[in-house]
>>> print(open('data_10.txt').read())   # compact mmCIF, C-alpha atoms
# COMPACT_ATOMS: atom_id res chain seq x y z
CA MET A 83 212.53 232.35 31.71
CA PRO A 84 211.58 233.27 35.26
CA TYR A 85 211.09 230.52 37.79
CA GLN A 86 207.55 231.69 38.52
CA LEU A 87 206.54 230.36 35.11
CA ILE A 88 207.58 226.89 36.17
CA THR A 89 205.86 226.92 39.54
CA ARG A 90 202.72 228.38 38.01
CA GLY A 91 202.81 225.88 35.16
CA PHE A 92 202.90 222.86 37.45
CA GLY A 93 200.27 224.01 39.90
CA ASP A 94 199.15 221.15 42.13
CA LEU A 95 201.77 218.70 40.94
CA VAL A 96 204.27 220.43 43.19
CA GLU A 97 203.99 219.96 46.95
CA ARG A 98 206.22 222.82 47.88
CA SER A 99 208.60 225.10 46.09
CA SER A 100 211.43 227.13 47.55
CA ASP A 101 214.52 229.00 46.58
CA SER A 102 218.01 227.75 47.40
CA PHE A 103 220.71 230.30 46.64
CA GLY A 104 218.90 231.41 43.53
CA MET A 105 217.98 227.91 42.35
CA LEU A 106 214.41 226.69 42.22
CA VAL A 107 213.67 223.67 44.45
CA LEU A 108 210.50 221.66 43.88
CA GLU A 109 209.23 218.96 46.23
CA ILE A 110 207.06 216.45 44.46
CA HIS A 111 205.50 213.04 44.98
CA ALA A 112 207.03 209.99 43.37
CA GLU A 113 203.84 209.43 41.33
CA CYS A 114 204.13 212.89 39.73
CA LEU A 115 207.86 212.56 38.98
CA LEU A 116 207.58 211.27 35.42
CA GLU A 117 205.03 213.88 34.42
CA VAL A 118 206.95 216.75 36.00
CA VAL A 119 210.28 215.72 34.47
CA SER A 120 208.92 215.11 30.99
CA ARG A 121 207.21 218.48 31.06
CA LEU A 122 210.37 220.13 32.39
CA ARG A 123 212.21 218.66 29.45
CA ALA A 124 209.60 219.41 26.81
CA GLU A 125 208.24 222.80 27.89
CA PHE A 126 211.09 224.37 29.81
CA GLU A 127 214.02 222.82 27.94
CA PHE A 128 215.81 221.25 30.88
CA ASP A 129 217.78 219.01 28.57
CA LEU A 130 220.72 218.07 30.77
CA PHE A 131 220.49 215.52 33.57
CA LEU A 132 223.13 216.64 36.06
CA ASP A 133 222.79 214.31 39.01
CA VAL A 134 220.62 212.07 41.10
CA THR A 135 221.46 211.35 44.68
CA ALA A 136 219.64 210.66 47.92
CA ILE A 137 219.62 211.86 51.51
CA ASP A 138 218.96 209.63 54.50
CA TYR A 139 217.07 211.13 57.44
CA PRO A 140 216.93 208.19 59.86
CA GLU A 141 214.46 209.76 62.29
CA ARG A 142 212.16 211.26 59.68
CA SER A 143 209.21 209.67 57.95
CA PRO A 144 209.41 209.32 54.97
CA ARG A 145 213.05 208.46 55.50
CA PHE A 146 214.74 209.26 52.18
CA ASP A 147 214.83 212.19 49.82
CA VAL A 148 215.80 211.40 46.25
CA VAL A 149 217.31 214.57 44.81
CA TYR A 150 217.53 215.35 41.10
CA HIS A 151 219.33 218.21 39.41
CA PHE A 152 218.61 219.36 35.88
CA TYR A 153 220.13 222.08 33.76
CA SER A 154 218.71 224.04 30.87
CA ARG A 155 221.32 224.98 28.32
CA ALA A 156 218.89 227.30 26.52
CA HIS A 157 218.10 229.34 29.63
CA ASN A 158 221.27 228.71 31.67
CA LYS A 159 219.15 227.70 34.66
CA ARG A 160 219.32 224.85 37.10
CA ILE A 161 216.50 223.18 38.98
CA ARG A 162 216.39 220.73 41.86
CA LEU A 163 213.65 218.17 42.47
CA LYS A 164 213.18 216.46 45.83
CA VAL A 165 211.15 213.28 46.02
CA PRO A 166 210.45 211.94 49.52
CA VAL A 167 210.52 208.14 49.64
CA PRO A 168 209.53 205.90 52.59
CA ALA A 169 211.97 203.31 53.93
CA GLU A 170 209.46 200.45 53.59
CA LYS A 171 209.02 200.99 49.87
CA PRO A 172 211.94 203.02 48.51
CA VAL A 173 210.83 203.09 44.88
CA VAL A 174 210.85 205.89 42.34
CA PRO A 175 210.28 205.59 38.60
CA THR A 176 213.35 205.53 36.42
CA LEU A 177 214.21 208.43 34.12
CA THR A 178 216.25 206.39 31.66
CA MET A 179 213.69 206.82 28.89
CA LEU A 180 214.11 210.60 29.13
CA TYR A 181 217.82 210.92 29.95
CA GLY A 182 220.37 208.25 29.04
CA ALA A 183 222.76 209.59 31.68
CA ALA A 184 220.35 208.42 34.36
CA ARG A 185 221.30 204.78 33.86
CA TYR A 186 224.65 204.89 35.65
CA MET A 187 223.67 207.44 38.25
CA GLU A 188 220.62 205.47 39.26
CA ARG A 189 222.84 202.43 39.66
CA GLU A 190 225.07 204.41 42.01
CA VAL A 191 222.13 205.57 44.14
CA HIS A 192 220.87 202.00 44.22
CA ASP A 193 224.31 200.90 45.45
CA MET A 194 224.67 203.48 48.14
CA TYR A 195 221.12 203.94 49.45
CA GLY A 196 219.15 200.94 48.23
CA ILE A 197 216.63 203.06 46.34
CA GLU A 198 214.84 201.03 43.68
CA PHE A 199 214.34 202.64 40.29
CA ALA A 200 211.30 200.96 38.77
CA GLY A 201 211.93 200.39 35.07
CA ASN A 202 215.73 200.50 35.16
CA ALA A 203 216.56 196.96 34.10
CA ASP A 204 220.27 197.19 34.92
CA LEU A 205 220.71 197.90 38.62
CA ARG A 206 223.89 195.83 39.09
CA PRO A 207 226.48 197.27 41.51
CA ILE A 208 228.57 199.94 39.83
CA LEU A 209 230.82 201.30 42.58
CA LEU A 210 230.42 198.41 44.99
CA TYR A 211 231.13 194.80 44.14
CA GLU A 212 229.02 191.68 43.76
CA GLY A 213 228.23 190.19 47.11
CA PHE A 214 228.30 193.44 49.07
CA VAL A 215 225.64 193.34 51.77
CA GLY A 216 223.88 196.55 52.78
CA HIS A 217 224.01 200.12 51.60
CA PRO A 218 227.03 202.01 52.92
CA LEU A 219 225.73 205.57 52.74
CA ARG A 220 222.68 204.80 54.84
CA LYS A 221 223.10 206.22 58.30
CA ASP A 222 222.55 202.84 59.95
CA TYR A 223 225.43 201.16 58.09
CA ALA A 224 228.13 200.50 60.70
CA MET A 225 231.14 202.73 60.13
CA GLU A 226 233.66 199.98 60.96
CA ALA A 227 231.97 197.30 58.86
CA GLU A 228 234.38 195.71 56.39
CA GLN A 229 233.53 193.36 53.56
CA PRO A 230 236.89 192.36 52.09
CA ILE A 231 237.14 190.46 48.82
CA VAL A 232 240.63 189.14 49.58
CA PRO A 233 240.72 187.22 52.86
CA TYR A 234 242.97 188.90 55.40
CA ARG A 235 246.24 187.20 56.25
CA GLN A 236 246.91 185.89 59.72
CA GLN A 237 248.85 188.50 61.64
CA PRO A 238 252.07 186.99 63.08
CA MET B 237 281.75 172.36 59.49
CA ALA B 238 283.54 175.44 60.77
CA MET B 239 284.65 176.15 57.25
CA MET B 240 281.08 175.90 56.06
CA GLU B 241 279.83 178.35 58.69
CA TYR B 242 282.45 180.87 57.67
CA MET B 243 281.58 180.52 53.99
CA SER B 244 277.86 180.89 54.67
CA THR B 245 278.09 184.23 56.49
CA LYS B 246 280.35 185.74 53.89
CA LYS B 247 278.03 184.56 51.14
CA ASP B 248 275.06 186.27 52.80
CA GLU B 249 277.01 189.50 53.11
CA LEU B 250 278.04 189.37 49.48
CA VAL B 251 274.58 188.58 48.16
CA GLY B 252 273.00 191.16 50.45
CA TRP B 253 275.41 193.79 49.27
CA ILE B 254 274.58 192.99 45.65
CA ARG B 255 270.87 192.96 46.22
CA LYS B 256 270.65 196.11 48.26
CA PHE B 257 272.10 198.24 45.46
CA SER B 258 269.95 196.79 42.71
CA LEU B 259 266.43 197.37 43.96
CA PHE B 260 264.13 197.57 40.99
CA PRO B 261 260.92 199.18 42.21
CA TYR B 262 257.51 198.53 40.79
CA PRO B 263 255.30 201.51 41.69
CA PHE B 264 251.74 200.42 42.40
CA VAL B 265 250.37 203.96 42.33
CA THR B 266 246.72 204.39 43.20
CA ALA B 267 246.37 207.89 44.64
CA CYS B 268 247.82 211.31 45.25
CA CYS B 269 251.00 209.98 46.92
CA GLY B 270 252.05 209.24 43.35
CA MET B 271 252.93 212.91 42.89
CA GLU B 272 255.34 212.64 45.79
CA PHE B 273 256.69 209.42 44.35
CA MET B 274 257.43 211.22 41.06
CA SER B 275 259.20 213.94 42.98
CA VAL B 276 261.35 211.55 44.98
CA SER B 277 262.37 209.54 41.95
CA SER B 278 263.24 212.55 39.80
CA THR B 279 266.31 214.73 39.69
CA LEU B 280 266.22 216.76 42.89
CA TYR B 281 265.98 213.85 45.34
CA ASP B 282 267.19 211.18 42.95
CA THR B 283 266.72 207.70 44.37
CA ASP B 284 269.11 206.52 41.65
CA ARG B 285 271.88 207.20 44.17
CA PHE B 286 270.64 204.12 46.03
CA GLY B 287 270.23 201.97 42.97
CA ALA B 288 266.46 202.18 43.33
CA ALA B 289 265.38 204.50 40.57
CA LEU B 290 264.40 202.58 37.50
CA PRO B 291 260.73 201.64 37.73
CA ARG B 292 260.06 198.38 35.96
CA PHE B 293 257.15 197.95 33.63
CA THR B 294 256.03 194.63 35.02
CA PRO B 295 256.09 193.17 38.50
CA ARG B 296 257.87 190.08 37.13
CA GLN B 297 261.06 192.09 36.65
CA SER B 298 261.02 193.99 39.92
CA ASP B 299 261.89 193.18 43.48
CA LEU B 300 260.59 196.18 45.42
CA LEU B 301 256.85 196.70 45.38
CA MET B 302 256.03 200.28 46.35
CA VAL B 303 252.36 200.54 47.20
CA VAL B 304 251.76 204.25 46.78
CA GLY B 305 248.32 205.38 47.87
CA THR B 306 244.96 204.17 49.04
CA VAL B 307 244.05 200.55 48.42
CA SER B 308 240.33 199.85 48.37
CA HIS B 309 238.69 196.48 48.79
CA LYS B 310 238.06 196.43 45.05
CA THR B 311 241.77 197.03 44.31
CA ALA B 312 242.94 194.43 46.82
CA PRO B 313 242.71 191.41 44.46
CA ILE B 314 244.84 193.29 41.91
CA LEU B 315 247.44 194.18 44.53
CA LYS B 316 247.63 190.58 45.67
CA THR B 317 248.02 189.35 42.08
CA VAL B 318 250.81 191.86 41.47
CA TYR B 319 252.56 190.71 44.62
CA GLU B 320 252.29 187.07 43.63
CA GLN B 321 253.65 187.80 40.15
CA MET B 322 256.90 189.15 41.59
CA CYS B 323 259.81 186.73 41.77
CA GLU B 324 261.69 186.05 44.98
CA PRO B 325 263.45 187.84 46.55
CA LYS B 326 260.91 190.63 46.94
CA TRP B 327 260.26 193.43 49.35
CA VAL B 328 257.24 195.63 49.91
CA MET B 329 257.14 199.28 50.91
CA ALA B 330 253.89 200.79 52.19
CA PHE B 331 254.16 204.38 51.00
CA GLY B 332 251.99 206.94 52.78
CA ALA B 333 249.42 206.87 55.55
CA CYS B 334 246.71 205.19 53.47
CA ALA B 335 248.85 202.22 52.48
CA VAL B 336 250.20 201.91 56.04
CA SER B 337 246.92 202.00 57.95
CA GLY B 338 244.10 203.21 55.75
CA GLY B 339 244.91 206.77 56.76
CA PHE B 340 241.91 208.94 57.37
CA TYR B 341 239.68 206.63 55.37
CA ARG B 342 237.84 204.69 58.05
CA ASN B 343 234.96 203.53 55.91
CA TYR B 344 233.38 200.69 54.00
CA SER B 345 235.66 200.82 50.99
CA VAL B 346 239.28 201.14 52.11
CA VAL B 347 241.61 198.38 53.30
CA GLN B 348 242.92 199.38 56.73
CA GLY B 349 246.58 198.87 55.87
CA ILE B 350 247.95 196.71 53.08
CA ASP B 351 249.62 194.40 55.60
CA LEU B 352 246.19 192.80 55.98
CA ILE B 353 246.69 191.45 52.46
CA ILE B 354 250.41 191.16 51.74
CA PRO B 355 253.47 191.17 54.02
CA VAL B 356 255.12 194.57 54.32
CA ASP B 357 258.82 195.18 54.99
CA ILE B 358 258.90 198.91 55.54
CA TYR B 359 256.28 201.47 56.41
CA VAL B 360 256.64 205.09 55.29
CA PRO B 361 254.27 207.37 57.23
CA GLY B 362 253.14 210.79 56.11
CA CYS B 363 250.34 212.27 54.09
CA PRO B 364 252.12 212.38 51.72
CA PRO B 365 255.58 211.38 53.00
CA ARG B 366 258.33 213.90 52.46
CA PRO B 367 261.02 212.79 49.99
CA GLU B 368 263.56 212.69 52.80
CA VAL B 369 261.42 210.12 54.63
CA VAL B 370 261.27 207.97 51.51
CA ILE B 371 265.01 208.13 51.06
CA ASP B 372 265.45 207.24 54.73
CA ALA B 373 263.09 204.31 54.24
CA ILE B 374 265.05 203.08 51.24
CA MET B 375 268.25 203.25 53.26
CA MET B 376 266.63 201.36 56.14
CA LEU B 377 265.41 198.75 53.70
CA GLN B 378 268.94 198.45 52.33
CA ASP B 379 270.22 197.87 55.86
CA LYS B 380 267.59 195.22 56.33
CA ILE B 381 268.55 193.50 53.09
CA ALA B 382 272.24 193.69 53.93
CA SER B 383 271.75 192.09 57.35
CA ASP B 384 269.29 189.47 56.10
CA ARG B 385 269.96 185.86 55.16
CA HIS B 386 269.99 185.14 51.46
CA PRO B 387 269.54 181.45 50.84
CA ILE B 388 270.51 180.94 47.21
CA PHE B 389 271.87 177.39 47.24
CA PRO B 390 269.61 174.35 47.00
CA PHE B 391 270.91 172.90 50.28
CA GLU B 392 269.80 176.00 52.16
CA ASN B 393 266.40 176.04 53.71
CA HIS B 394 264.26 178.19 51.46
CA PRO B 395 260.59 178.11 52.36
CA PRO B 396 258.29 180.24 50.23
CA ALA B 397 257.15 183.49 51.78
CA LYS B 398 253.89 183.30 53.71
CA VAL B 399 251.14 185.41 52.15
>>> encode(input="data_10.txt", output="structure tokens")
Amino acid sequence: MPYQLITRGFGDLVERSSDSFGMLVLEIHAECLLEVVSRLRAEFEFDLFLDVTAIDYPERSPRFDVVYHFYSRAHNKRIRLKVPVPAEKPVVPTLTMLYGAARYMEREVHDMYGIEFAGNADLRPILLYEGFVGHPLRKDYAMEAEQPIVPYRQQP
Amino acid sequence: MAMMEYMSTKKDELVGWIRKFSLFPYPFVTACCGMEFMSVSSTLYDTDRFGAALPRFTPRQSDLLMVVGTVSHKTAPILKTVYEQMCEPKWVMAFGACAVSGGFYRNYSVVQGIDLIIPVDIYVPGCPPRPEVVIDAIMMLQDKIASDRHPIFPFENHPPAKV
């Protein structure tokens, strides 16, 4: 299945498409995400949800990129989706109804970047702990900031 | 009174000598330093020569807590509980750069040295420490135990250790 079939099939849904070391990269709007992913799964057999993560560009607007990777076992192909998200309203729709693996990974991205996944009911901290303030992988999180659970002892 | 003084020093020497050759370590292994810990406690380097080879299965039976590896803020409550479960007398070894000072992890998740949480008796630097350094540290700890006071009688002042 050549990548041109995918880009041609989506037409205007895709903002921009490029090639990254032989892997197709699609940039799409957050509104189109659900449609694109469900069609990727149904028509092009991308049945494996590999990863979701985010990138913080502090001086760019929109500030975040939410990055998805999918894999098609039938065609042995990978695809990457980039969804730009503004800092004022960092919301993308959840993919849990399509891929069960998205539940935990979306929790991690919510921990680290503060991206909201609309529709994911369980966005409790997974790697961080209850009471943690801020999002440590954002570029404006202070590198020295510490939020200990156990109070530090008095140094003699 | 002079008699008492004489007895007291000899008693400390005797108890110190007993204790320094019966260190039962409890390895609190959280990271890659654990591989080096396995190497140092197995045949080639053999910490059994110093009476400190048999890892106990519970902190309640041990008197040397070896914190081997990175301690994150989420692990810190567990480390403190383990330390509090150990009976007196107890000693703590910070094994490796991460346990000593946080190592190269200067970030939101790692405790910058376990001495922020529990008192530490001996620091073993290195990433990971060479087995020779660990053996040297055990010997230094033995010297410390041998030269320490060991209040075992009720009339001796025995305040609980500050945590």
>>> residues_around(input="data_10.txt", residues="Glu368 of chain B", least_positions_apart="6", cutoff="10 Å", atoms="only C-alpha atoms", output="NGL selection string")
:B and (276 or 281 or 374)
>>> atom_distance(input="data_10.txt", atom1="atom CA of Ala373 of chain B", atom2="atom CA of Gly252 of chain B")
16.9 Å
>>> closest_residue(input="data_10.txt", among="B:Ile371, B:Leu301, B:Val307, B:Ala382", to="Glu324 of chain B", atoms="all atoms listed in the file")
B:Leu301
>>> residues_around(input="data_10.txt", residues="segment 108-115 of chain A", least_positions_apart="2", cutoff="10 Å", atoms="all atoms listed in the file", output="mmCIF file with C-alpha atoms, keeping the file's coordinate frame")
data_model
loop_
_atom_site.group_PDB
_atom_site.id
_atom_site.type_symbol
_atom_site.label_atom_id
_atom_site.label_comp_id
_atom_site.auth_asym_id
_atom_site.auth_seq_id
_atom_site.Cartn_x
_atom_site.Cartn_y
_atom_site.Cartn_z
ATOM 1 C CA ILE A 88 207.580 226.890 36.170
ATOM 2 C CA THR A 89 205.860 226.920 39.540
ATOM 3 C CA ASP A 94 199.150 221.150 42.130
ATOM 4 C CA LEU A 95 201.770 218.700 40.940
ATOM 5 C CA VAL A 96 204.270 220.430 43.190
ATOM 6 C CA GLU A 97 203.990 219.960 46.950
ATOM 7 C CA ARG A 98 206.220 222.820 47.880
ATOM 8 C CA SER A 99 208.600 225.100 46.090
ATOM 9 C CA SER A 100 211.430 227.130 47.550
ATOM 10 C CA ASP A 101 214.520 229.000 46.580
ATOM 11 C CA MET A 105 217.980 227.910 42.350
ATOM 12 C CA LEU A 106 214.410 226.690 42.220
ATOM 13 C CA GLU A 117 205.030 213.880 34.420
ATOM 14 C CA VAL A 118 206.950 216.750 36.000
ATOM 15 C CA VAL A 119 210.280 215.720 34.470
ATOM 16 C CA SER A 120 208.920 215.110 30.990
ATOM 17 C CA ARG A 121 207.210 218.480 31.060
ATOM 18 C CA ASP A 147 214.830 212.190 49.820
ATOM 19 C CA VAL A 148 215.800 211.400 46.250
ATOM 20 C CA VAL A 149 217.310 214.570 44.810
ATOM 21 C CA TYR A 150 217.530 215.350 41.100
ATOM 22 C CA ILE A 161 216.500 223.180 38.980
ATOM 23 C CA ARG A 162 216.390 220.730 41.860
ATOM 24 C CA LEU A 163 213.650 218.170 42.470
ATOM 25 C CA LYS A 164 213.180 216.460 45.830
ATOM 26 C CA VAL A 165 211.150 213.280 46.020
ATOM 27 C CA PRO A 166 210.450 211.940 49.520
ATOM 28 C CA VAL A 167 210.520 208.140 49.640
ATOM 29 C CA PRO A 172 211.940 203.020 48.510
ATOM 30 C CA VAL A 173 210.830 203.090 44.880
ATOM 31 C CA VAL A 174 210.850 205.890 42.340
ATOM 32 C CA PRO A 175 210.280 205.590 38.600
ATOM 33 C CA THR A 176 213.350 205.530 36.420
ATOM 34 C CA LEU A 177 214.210 208.430 34.120
#
>>> closest_residue(input="data_10.txt", among="B:Cys268, B:Ala333, B:Ile381, B:Ala289", to="Gly362 of chain B", atoms="all atoms listed in the file")
B:Ala333
>>> closest_residue(input="data_10.txt", among="B:Pro325, B:Gly305, B:Pro367, B:Gly270", to="Gly339 of chain B", atoms="only C-alpha atoms")
B:Gly305
>>> decode(input="data_10.txt", residues="segment 190-219 of chain A", atoms="N, CA and C atoms", output="tab-separated table (two decimals), in the first residue's frame")
chain	number	residue	atom	x	y	z
A	190	GLU	N	-0.44	9.70	30.53
A	190	GLU	CA	0.96	10.14	30.67
A	190	GLU	C	1.15	11.51	30.03
A	191	VAL	N	0.59	11.71	28.84
A	191	VAL	CA	0.74	13.01	28.18
A	191	VAL	C	0.04	14.09	28.99
A	192	HIS	N	-1.08	13.73	29.60
A	192	HIS	CA	-1.77	14.70	30.46
A	192	HIS	C	-0.91	15.06	31.66
A	193	ASP	N	-0.23	14.08	32.25
A	193	ASP	CA	0.72	14.33	33.33
A	193	ASP	C	1.79	15.32	32.92
A	194	MET	N	2.45	15.00	31.83
A	194	MET	CA	3.71	15.64	31.50
A	194	MET	C	3.52	16.98	30.80
A	195	TYR	N	2.46	17.11	30.02
A	195	TYR	CA	2.29	18.34	29.22
A	195	TYR	C	1.00	19.08	29.54
A	196	GLY	N	0.10	18.47	30.30
A	196	GLY	CA	-1.16	19.14	30.58
A	196	GLY	C	-2.10	19.21	29.41
A	197	ILE	N	-1.97	18.30	28.46
A	197	ILE	CA	-2.91	18.24	27.34
A	197	ILE	C	-4.18	17.54	27.83
A	198	GLU	N	-5.33	18.13	27.54
A	198	GLU	CA	-6.60	17.50	27.92
A	198	GLU	C	-7.05	16.59	26.79
A	199	PHE	N	-7.53	15.42	27.16
A	199	PHE	CA	-8.08	14.50	26.15
A	199	PHE	C	-9.58	14.41	26.39
A	200	ALA	N	-10.35	15.16	25.59
A	200	ALA	CA	-11.79	15.22	25.80
A	200	ALA	C	-12.40	13.85	25.57
A	201	GLY	N	-13.09	13.34	26.58
A	201	GLY	CA	-13.72	12.03	26.46
A	201	GLY	C	-13.02	10.95	27.24
A	202	ASN	N	-11.75	11.17	27.61
A	202	ASN	CA	-11.06	10.19	28.46
A	202	ASN	C	-11.43	10.50	29.91
A	203	ALA	N	-12.23	9.61	30.50
A	203	ALA	CA	-12.79	9.90	31.83
A	203	ALA	C	-11.75	9.76	32.92
A	204	ASP	N	-10.67	9.03	32.67
A	204	ASP	CA	-9.72	8.69	33.72
A	204	ASP	C	-8.38	9.34	33.41
A	205	LEU	N	-8.25	10.62	33.78
A	205	LEU	CA	-6.98	11.32	33.53
A	205	LEU	C	-6.25	11.56	34.86
A	206	ARG	N	-6.33	10.59	35.79
A	206	ARG	CA	-5.57	10.72	37.03
A	206	ARG	C	-4.08	10.67	36.71
A	207	PRO	N	-3.21	11.17	37.59
A	207	PRO	CA	-1.77	11.03	37.37
A	207	PRO	C	-1.38	9.57	37.27
A	208	ILE	N	-0.49	9.26	36.34
A	208	ILE	CA	-0.04	7.87	36.22
A	208	ILE	C	1.43	7.76	36.57
A	209	LEU	N	2.26	8.67	36.08
A	209	LEU	CA	3.68	8.64	36.45
A	209	LEU	C	3.97	9.61	37.59
A	210	LEU	N	3.25	10.71	37.63
A	210	LEU	CA	3.40	11.64	38.75
A	210	LEU	C	2.50	11.19	39.89
A	211	TYR	N	2.45	11.99	40.95
A	211	TYR	CA	1.67	11.60	42.11
A	211	TYR	C	0.61	12.65	42.37
A	212	GLU	N	-0.38	12.27	43.17
A	212	GLU	CA	-1.45	13.20	43.53
A	212	GLU	C	-0.85	14.41	44.23
A	213	GLY	N	-1.31	15.57	43.85
A	213	GLY	CA	-0.80	16.77	44.49
A	213	GLY	C	0.34	17.42	43.75
A	214	PHE	N	0.81	16.82	42.67
A	214	PHE	CA	1.90	17.43	41.91
A	214	PHE	C	1.35	18.63	41.15
A	215	VAL	N	2.04	19.76	41.30
A	215	VAL	CA	1.59	20.99	40.66
A	215	VAL	C	2.43	21.22	39.41
A	216	GLY	N	1.78	21.48	38.28
A	216	GLY	CA	2.51	21.79	37.06
A	216	GLY	C	2.73	20.57	36.19
A	217	HIS	N	3.40	20.81	35.08
A	217	HIS	CA	3.63	19.76	34.10
A	217	HIS	C	5.10	19.74	33.76
A	218	PRO	N	5.84	18.74	34.24
A	218	PRO	CA	7.31	18.83	34.25
A	218	PRO	C	7.98	18.82	32.88
A	219	LEU	N	7.33	18.32	31.85
A	219	LEU	CA	8.02	18.32	30.56
A	219	LEU	C	7.71	19.57	29.73
